[in-house]
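Working notes for the structure below.
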Amino acid sequence: MDIRTIEAAEITAAVRQLFMDMNYYIGSDILHALEEAKETETSETGKSVLSQLLENHRIASSEEVPICQDTGMAVLFIEYGDHVVIENGSFEDAVQEGVRRAYIDGYLRKSVVDDPVFDRVNTKDNTPAILYTTIVKGNTIKILGGCKGFGSENMSAVRMLTPSAGLEGVKQFILDTVHYAGPNPCPPIVVGVGIGGTFEKAAMLAKKATLRPINTHHADQRYAELEDELLTAINRMGYGPAGLGGSCTALGVNIETFPTHIAGMPVAVNICCHAARHKEIEI
């Protein structure tokens with residue numbers, strides 16, 4: 001396979017468009033799920049909320065304005081081909097510049113502060129973005145991006161379960177986390193679950209799970225069935241759209257897994273609001 005060169009400016013332009021698009025246009029999987037939920041919602045108030053959400057998405061896409069005022073913190077999962085060389089700049093600098101330009105040029109809210117505890121001064125361009133980069137074979141770069149708002153992020157959790165907790169312990173932790181979150185993450189929600197790896201790997205898996213289309217399932221049938229079981233249980237909680245009651249509290253539950261240590265069973269739950277802003281591109 002031949003080495004392929006890509007200009008840093010091309011990366012910047014692609015990332016800029018990626019983040020503006022995902023803030024203006026809802027994913028087809030989420031849109032379809034909201035439309036279905038409107039038809040099956042048992043609460044009239046819930047139906048009204050879902051109608052307003054759909055109208056909001058229509059306006060956002062037609063006028064190219066943000067779906068939500070919280071335009072999130074930028075997170076990118078990157079598969080970087082080992083036969084790609086970036087010219088006239090570094091890859092990470094090009095990505096960060098793309099995010100910076102998206103949030104400035106697209107009039108997206110800048111929500112990132114430079115220090116988490118003491119200064120908390122706004123960086124004024126929503127950078128730095130968070131990058132998870134994996135080197136793969138090939139001469140392309142795939143970027144799966146997400147804009148993570150913190151109304152739902154703050155409701156997320158990690159638990160270092162031991163193997164003795166078993167399947168029931170895993171299910172109970174996931175359901176307890178969603179129950180505690182209640183109406184705070186702007187339901188209907190998408191629940192991303194990461195199981196396995198280490199403390200930080202489980203959390204990363206859970207974040208990536210929120211970016212997976214909700215009309216897909218885990219490749220392992222056992223986990224696919226668990227996704228459906230958890231979705232049913234969550235919707236029985238009755239929080240409903242906007243937390244005002246109803247039968248649609250969640251649109252989907254996505255599980256991602258990874259091998260783990262013999263002594264552990266890490267589980268992370270990353271909750272995402274109904275907008276579930278995500279998009280994937282290949283360069």
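Ligands are numbered from 1 in the order shown, residues from 1 within each chain, and chains are lettered A, B, ... in the order they appear in the structure tokens.
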Contacts of Ala33 of chain A within 9 Å, only C-alpha atoms, excl. fewer than 6 positions in-chain, as number ranges by chain: A: 214-215, 251-252
Mind writing the picked residues with N, CA and C atoms as a PDB file, in the first residue's frame?
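Output (again-v3.pdb):
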```
ATOM      1  N   ILE A 214     -28.351   4.017  17.375  1.00  0.00           N
ATOM      2  CA  ILE A 214     -29.200   3.260  18.299  1.00  0.00           C
ATOM      3  C   ILE A 214     -30.024   2.193  17.601  1.00  0.00           C
ATOM      4  N   ASN A 215     -29.954   2.149  16.275  1.00  0.00           N
ATOM      5  CA  ASN A 215     -30.650   1.076  15.551  1.00  0.00           C
ATOM      6  C   ASN A 215     -29.710  -0.098  15.267  1.00  0.00           C
ATOM      7  N   LEU A 251     -34.253   6.264  24.437  1.00  0.00           N
ATOM      8  CA  LEU A 251     -34.388   5.871  23.030  1.00  0.00           C
ATOM      9  C   LEU A 251     -33.570   4.629  22.716  1.00  0.00           C
ATOM     10  N   GLY A 252     -32.505   4.434  23.473  1.00  0.00           N
ATOM     11  CA  GLY A 252     -31.654   3.288  23.196  1.00  0.00           C
ATOM     12  C   GLY A 252     -30.660   3.026  24.312  1.00  0.00           C
TER      13      GLY A 252
END
```
Near-Pro66 of chain A list (9 Å; only C-alpha atoms; drop same-chain fewer than 2 positions) as a PyMOL selection string: chain A and resi 20+22-25+57+60-61+64+68-71+106-109
Keeping only N, CA and C atoms, write those residues as an mmCIF file, in the first residue's frame.
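Output contents, as saved in selection28.cif:
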```
data_model
loop_
_atom_site.group_PDB
_atom_site.id
_atom_site.type_symbol
_atom_site.label_atom_id
_atom_site.label_comp_id
_atom_site.auth_asym_id
_atom_site.auth_seq_id
_atom_site.Cartn_x
_atom_site.Cartn_y
_atom_site.Cartn_z
ATOM 1 N N MET A 20 -19.807 21.494 12.995
ATOM 2 C CA MET A 20 -20.950 22.357 12.705
ATOM 3 C C MET A 20 -22.152 21.510 12.289
ATOM 4 N N MET A 22 -22.897 18.367 13.040
ATOM 5 C CA MET A 22 -23.527 17.563 14.096
ATOM 6 C C MET A 22 -24.272 18.421 15.112
ATOM 7 N N ASN A 23 -23.948 19.716 15.152
ATOM 8 C CA ASN A 23 -24.699 20.620 16.020
ATOM 9 C C ASN A 23 -25.978 21.123 15.367
ATOM 10 N N TYR A 24 -26.046 21.078 14.032
ATOM 11 C CA TYR A 24 -27.221 21.574 13.310
ATOM 12 C C TYR A 24 -28.194 20.470 12.905
ATOM 13 N N TYR A 25 -27.656 19.275 12.627
ATOM 14 C CA TYR A 25 -28.477 18.209 12.049
ATOM 15 C C TYR A 25 -28.490 16.980 12.953
ATOM 16 N N HIS A 57 -35.775 20.257 16.051
ATOM 17 C CA HIS A 57 -34.790 19.704 15.129
ATOM 18 C C HIS A 57 -35.040 20.191 13.701
ATOM 19 N N ALA A 60 -33.680 23.728 13.601
ATOM 20 C CA ALA A 60 -32.220 23.732 13.668
ATOM 21 C C ALA A 60 -31.600 23.399 12.319
ATOM 22 N N SER A 61 -32.128 22.374 11.660
ATOM 23 C CA SER A 61 -31.562 21.953 10.376
ATOM 24 C C SER A 61 -31.859 22.944 9.260
ATOM 25 N N GLU A 64 -29.893 26.147 10.182
ATOM 26 C CA GLU A 64 -28.503 25.885 10.561
ATOM 27 C C GLU A 64 -28.119 26.651 11.827
ATOM 28 N N CYS A 68 -29.215 22.517 20.421
ATOM 29 C CA CYS A 68 -29.322 22.836 21.853
ATOM 30 C C CYS A 68 -28.317 23.921 22.184
ATOM 31 N N GLN A 69 -28.643 24.738 23.154
ATOM 32 C CA GLN A 69 -27.721 25.809 23.555
ATOM 33 C C GLN A 69 -26.416 25.270 24.135
ATOM 34 N N ASP A 70 -26.453 24.078 24.759
ATOM 35 C CA ASP A 70 -25.218 23.446 25.220
ATOM 36 C C ASP A 70 -24.633 22.672 24.046
ATOM 37 N N THR A 71 -23.671 23.261 23.371
ATOM 38 C CA THR A 71 -23.079 22.628 22.195
ATOM 39 C C THR A 71 -21.927 21.693 22.554
ATOM 40 N N GLY A 106 -19.182 28.853 13.526
ATOM 41 C CA GLY A 106 -20.553 28.365 13.577
ATOM 42 C C GLY A 106 -21.384 28.974 14.687
ATOM 43 N N TYR A 107 -20.808 29.928 15.425
ATOM 44 C CA TYR A 107 -21.509 30.587 16.524
ATOM 45 C C TYR A 107 -22.055 29.556 17.526
ATOM 46 N N LEU A 108 -21.210 28.587 17.844
ATOM 47 C CA LEU A 108 -21.567 27.556 18.805
ATOM 48 C C LEU A 108 -21.062 27.973 20.190
ATOM 49 N N ARG A 109 -21.811 27.648 21.221
ATOM 50 C CA ARG A 109 -21.433 28.083 22.566
ATOM 51 C C ARG A 109 -20.098 27.495 22.980
#
```
Shortest interatomic distance to Pro259 of chain A - which of A:Thr198, A:Gly240, A:His274, A:Glu280, counting only C-alpha atoms: A:Thr198
Those in segment 72-247 of chain A with alpha helix (DSSP H) from DSSP, as a ChimeraX atom specification: /A:91-105,150-153,166-181,199-210,221-235
Polymer residues at most 7 Å from Gly146 of chain A, only C-alpha atoms, same-chain spacing of 3 or more positions, as a list in words: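 Answer for this query is Ala74, Val75, Leu76, Leu211, Arg277, His278 and Lys279 of chain A.
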Per-residue nearest contacts of segment 148-221 of chain A to segment 262-273 of chain A (7 Å; only C-alpha atoms) as JSON lines:
```
{"residue": "A:Ser152", "atom": "CA", "partner": "A:Cys272", "partner_atom": "CA", "distance": 5.3}
{"residue": "A:Glu153", "atom": "CA", "partner": "A:Ile271", "partner_atom": "CA", "distance": 6.1}
{"residue": "A:Met155", "atom": "CA", "partner": "A:Ile271", "partner_atom": "CA", "distance": 6.5}
{"residue": "A:Ser156", "atom": "CA", "partner": "A:Asn270", "partner_atom": "CA", "distance": 4.7}
{"residue": "A:Ala157", "atom": "CA", "partner": "A:Val269", "partner_atom": "CA", "distance": 5.4}
{"residue": "A:Val158", "atom": "CA", "partner": "A:Ala268", "partner_atom": "CA", "distance": 4.2}
{"residue": "A:Arg159", "atom": "CA", "partner": "A:Val267", "partner_atom": "CA", "distance": 5.4}
{"residue": "A:Met160", "atom": "CA", "partner": "A:Pro266", "partner_atom": "CA", "distance": 4.5}
{"residue": "A:Leu161", "atom": "CA", "partner": "A:Met265", "partner_atom": "CA", "distance": 5.0}
{"residue": "A:Thr162", "atom": "CA", "partner": "A:Gly264", "partner_atom": "CA", "distance": 4.8}
{"residue": "A:Pro163", "atom": "CA", "partner": "A:Met265", "partner_atom": "CA", "distance": 5.6}
{"residue": "A:Ile174", "atom": "CA", "partner": "A:Val269", "partner_atom": "CA", "distance": 6.4}
{"residue": "A:Pro185", "atom": "CA", "partner": "A:Cys273", "partner_atom": "CA", "distance": 5.6}
{"residue": "A:Cys186", "atom": "CA", "partner": "A:Cys273", "partner_atom": "CA", "distance": 5.4}
{"residue": "A:Pro187", "atom": "CA", "partner": "A:Cys273", "partner_atom": "CA", "distance": 6.0}
{"residue": "A:Pro188", "atom": "CA", "partner": "A:Cys273", "partner_atom": "CA", "distance": 6.7}
{"residue": "A:Ile189", "atom": "CA", "partner": "A:Cys273", "partner_atom": "CA", "distance": 4.6}
{"residue": "A:Val190", "atom": "CA", "partner": "A:Cys272", "partner_atom": "CA", "distance": 5.0}
{"residue": "A:Val191", "atom": "CA", "partner": "A:Ile271", "partner_atom": "CA", "distance": 4.8}
{"residue": "A:Gly192", "atom": "CA", "partner": "A:Asn270", "partner_atom": "CA", "distance": 5.0}
{"residue": "A:Val193", "atom": "CA", "partner": "A:Val269", "partner_atom": "CA", "distance": 4.7}
{"residue": "A:Gly194", "atom": "CA", "partner": "A:Ala268", "partner_atom": "CA", "distance": 5.0}
{"residue": "A:Ile195", "atom": "CA", "partner": "A:Val267", "partner_atom": "CA", "distance": 4.6}
{"residue": "A:Gly196", "atom": "CA", "partner": "A:Pro266", "partner_atom": "CA", "distance": 5.2}
{"residue": "A:Gly197", "atom": "CA", "partner": "A:Pro266", "partner_atom": "CA", "distance": 6.9}
{"residue": "A:Thr198", "atom": "CA", "partner": "A:Pro266", "partner_atom": "CA", "distance": 6.4}
{"residue": "A:Phe199", "atom": "CA", "partner": "A:Pro266", "partner_atom": "CA", "distance": 6.2}
{"residue": "A:Ala202", "atom": "CA", "partner": "A:Ala268", "partner_atom": "CA", "distance": 5.4}
{"residue": "A:Ala203", "atom": "CA", "partner": "A:Ala268", "partner_atom": "CA", "distance": 5.1}
{"residue": "A:Ala206", "atom": "CA", "partner": "A:Asn270", "partner_atom": "CA", "distance": 5.4}
{"residue": "A:Lys207", "atom": "CA", "partner": "A:Asn270", "partner_atom": "CA", "distance": 5.8}
{"residue": "A:Thr210", "atom": "CA", "partner": "A:Cys272", "partner_atom": "CA", "distance": 6.6}
```
Picked from segment 1-233 of chain A by DSSP as strand (DSSP E), as a PyMOL selection string: chain A and resi 4-7+73-81+84-87+130-136+141-148+157-161+189-197
Point-to-point distance in Å for atom CA of Ile135 of chain A and atom CA of Glu79 of chain A: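 Going from atom CA of Glu79 of chain A over to atom CA of Ile135 of chain A covers 5.9 Å.
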Which residue of A:Asp220, A:Asn184, A:Thr42, A:Ser164 approaches Gly149 of chain A most closely, using only C-alpha atoms: A:Asn184
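Atom CA of Ala275 of chain A sits 7.3 Å away from atom CA of Ile67 of chain A.
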Shell of 12 Å around Gln172 of chain A, only C-alpha atoms, local chain residues under 3 positions omitted, as a list of chain:residue names: A:Arg159, A:Leu161, A:Ala165, A:Gly166, A:Leu167, A:Glu168, A:Gly169, A:Leu175, A:Asp176, A:Thr177, A:Val178, A:His179, A:Tyr180, A:Leu230, A:Ala233, A:Ile234, A:Val267, A:Val269
Point-to-point distance from atom CA of His218 of chain A to atom CA of Thr134 of chain A, Å rounded to tenths: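 Distance between the two atoms: 20.7 Å.
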Nearby residues (only C-alpha atoms) at most 12 Å from Glu36 of chain A, same-chain spacing under 4 positions excluded, as a list in words: Asp29, Ile30, Leu31, His32, Thr40, Glu41, Lys47, Leu50, Ser51, Leu54, Cys248 and Leu251 of chain A
Using all heavy atoms, can you write the selected residues to a file as a CSV table (one decimal), in the first residue's frame?
```
chain,number,residue,atom,x,y,z
A,29,ASP,N,-30.9,8.1,12.9
A,29,ASP,CA,-31.3,7.1,13.8
A,29,ASP,C,-32.1,7.7,15.0
A,29,ASP,O,-33.1,7.2,15.4
A,29,ASP,CB,-30.1,6.3,14.4
A,29,ASP,CG,-29.1,7.2,15.0
A,29,ASP,OD1,-28.9,8.3,14.6
A,29,ASP,OD2,-28.5,6.7,16.0
A,30,ILE,N,-31.6,8.8,15.5
A,30,ILE,CA,-32.3,9.5,16.6
A,30,ILE,C,-33.6,10.1,16.1
A,30,ILE,O,-34.7,10.0,16.8
A,30,ILE,CB,-31.4,10.6,17.1
A,30,ILE,CG1,-30.1,10.0,17.7
A,30,ILE,CG2,-32.2,11.4,18.2
A,30,ILE,CD1,-30.3,9.1,18.9
A,31,LEU,N,-33.6,10.7,14.9
A,31,LEU,CA,-34.8,11.3,14.4
A,31,LEU,C,-35.9,10.3,14.2
A,31,LEU,O,-37.1,10.5,14.6
A,31,LEU,CB,-34.5,12.0,13.0
A,31,LEU,CG,-35.7,12.7,12.3
A,31,LEU,CD1,-36.2,13.8,13.2
A,31,LEU,CD2,-35.3,13.2,10.9
A,32,HIS,N,-35.6,9.1,13.6
A,32,HIS,CA,-36.5,8.0,13.4
A,32,HIS,C,-37.1,7.5,14.8
A,32,HIS,O,-38.3,7.3,14.9
A,32,HIS,CB,-35.9,6.9,12.7
A,32,HIS,CG,-36.8,5.7,12.4
A,32,HIS,ND1,-37.9,5.8,11.6
A,32,HIS,CD2,-36.8,4.5,12.9
A,32,HIS,CE1,-38.6,4.7,11.5
A,32,HIS,NE2,-37.9,3.8,12.3
A,40,THR,N,-46.0,6.1,19.9
A,40,THR,CA,-46.3,5.1,20.9
A,40,THR,C,-46.3,5.7,22.3
A,40,THR,O,-46.8,5.0,23.3
A,40,THR,CB,-45.2,4.0,20.9
A,40,THR,OG1,-43.9,4.6,21.1
A,40,THR,CG2,-45.2,3.3,19.5
A,41,GLU,N,-45.9,6.9,22.5
A,41,GLU,CA,-46.0,7.5,23.9
A,41,GLU,C,-47.4,7.5,24.4
A,41,GLU,O,-48.3,7.9,23.8
A,41,GLU,CB,-45.4,9.0,23.8
A,41,GLU,CG,-45.5,9.7,25.1
A,41,GLU,CD,-44.8,9.0,26.2
A,41,GLU,OE1,-43.6,8.7,26.1
A,41,GLU,OE2,-45.4,8.8,27.3
A,47,LYS,N,-46.2,13.2,24.5
A,47,LYS,CA,-46.4,13.4,23.1
A,47,LYS,C,-46.1,14.8,22.7
A,47,LYS,O,-45.5,15.1,21.6
A,47,LYS,CB,-47.8,13.0,22.6
A,47,LYS,CG,-48.1,11.5,22.5
A,47,LYS,CD,-49.5,11.3,22.1
A,47,LYS,CE,-49.8,9.8,22.0
A,47,LYS,NZ,-49.1,9.2,20.9
A,50,LEU,N,-42.4,15.5,22.7
A,50,LEU,CA,-41.7,14.9,21.6
A,50,LEU,C,-42.0,15.7,20.3
A,50,LEU,O,-41.1,15.8,19.4
A,50,LEU,CB,-42.2,13.4,21.4
A,50,LEU,CG,-41.6,12.5,22.5
A,50,LEU,CD1,-42.4,11.2,22.5
A,50,LEU,CD2,-40.1,12.3,22.4
A,51,SER,N,-43.2,16.2,20.2
A,51,SER,CA,-43.6,17.0,19.0
A,51,SER,C,-42.7,18.3,19.0
A,51,SER,O,-42.2,18.7,17.9
A,51,SER,CB,-45.0,17.4,19.0
A,51,SER,OG,-45.9,16.3,18.9
A,54,LEU,N,-39.1,17.4,17.9
A,54,LEU,CA,-39.1,17.2,16.5
A,54,LEU,C,-39.1,18.6,15.7
A,54,LEU,O,-38.4,18.8,14.7
A,54,LEU,CB,-40.2,16.3,16.0
A,54,LEU,CG,-40.0,14.8,16.4
A,54,LEU,CD1,-41.3,14.1,16.2
A,54,LEU,CD2,-38.9,14.2,15.6
A,248,CYS,N,-41.6,6.9,27.4
A,248,CYS,CA,-40.3,7.0,26.7
A,248,CYS,C,-39.3,7.8,27.5
A,248,CYS,O,-39.3,9.0,27.4
A,248,CYS,CB,-40.5,7.6,25.3
A,248,CYS,SG,-39.0,7.6,24.3
A,251,LEU,N,-34.3,6.3,24.4
A,251,LEU,CA,-34.4,5.9,23.0
A,251,LEU,C,-33.6,4.6,22.7
A,251,LEU,O,-33.9,3.9,21.8
A,251,LEU,CB,-33.9,7.0,22.1
A,251,LEU,CG,-34.7,8.3,22.2
A,251,LEU,CD1,-34.0,9.4,21.4
A,251,LEU,CD2,-36.2,8.1,21.7
```
Top pick for closest residue to Lys208 of chain A, considering A:Phe118, A:Tyr80, A:Tyr132, A:Phe150 and counting only C-alpha atoms: A:Tyr132
Who sits within 12 Å of Ser48 of chain A, only C-alpha atoms, same chain under 3 positions skipped, as a list in words: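 So, after excluding close chain neighbours, the residues are Leu34, Glu35, Ala37, Lys38, Glu39, Glu41, Thr42, Ser43, Glu44, Thr45, Ser51, Gln52, Leu53, Leu54, Glu55, Gly240, Pro241, Ala242, Leu244, Gly245 and Gly246 of chain A.
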Those same residues - C-alpha atoms - I'd like them written as an mmCIF file, in the first residue's frame.
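Result written to out-v8.cif:
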```cif
data_model
loop_
_atom_site.group_PDB
_atom_site.id
_atom_site.type_symbol
_atom_site.label_atom_id
_atom_site.label_comp_id
_atom_site.auth_asym_id
_atom_site.auth_seq_id
_atom_site.Cartn_x
_atom_site.Cartn_y
_atom_site.Cartn_z
ATOM 1 C CA LEU A 34 -38.183 10.235 18.183
ATOM 2 C CA GLU A 35 -40.832 9.916 15.496
ATOM 3 C CA ALA A 37 -41.689 7.407 20.255
ATOM 4 C CA LYS A 38 -44.217 10.133 19.458
ATOM 5 C CA GLU A 39 -46.551 7.519 17.987
ATOM 6 C CA GLU A 41 -45.958 7.530 23.857
ATOM 7 C CA THR A 42 -48.758 6.930 26.363
ATOM 8 C CA SER A 43 -48.692 10.384 27.940
ATOM 9 C CA GLU A 44 -50.301 13.327 26.153
ATOM 10 C CA THR A 45 -47.765 15.616 27.795
ATOM 11 C CA SER A 51 -43.558 17.035 19.005
ATOM 12 C CA GLN A 52 -41.677 20.081 20.259
ATOM 13 C CA LEU A 53 -38.357 18.238 20.076
ATOM 14 C CA LEU A 54 -39.059 17.236 16.468
ATOM 15 C CA GLU A 55 -40.044 20.806 15.605
ATOM 16 C CA GLY A 240 -40.865 10.182 30.191
ATOM 17 C CA PRO A 241 -39.954 12.982 27.762
ATOM 18 C CA ALA A 242 -38.408 15.983 29.566
ATOM 19 C CA LEU A 244 -42.684 15.065 32.787
ATOM 20 C CA GLY A 245 -43.937 11.477 32.834
ATOM 21 C CA GLY A 246 -44.539 8.944 30.123
#
```
Residue nearest Val112 of chain A - candidates A:Arg222, A:Asn126, A:Arg100, A:Lys142, atoms counted: only C-alpha atoms: A:Asn126
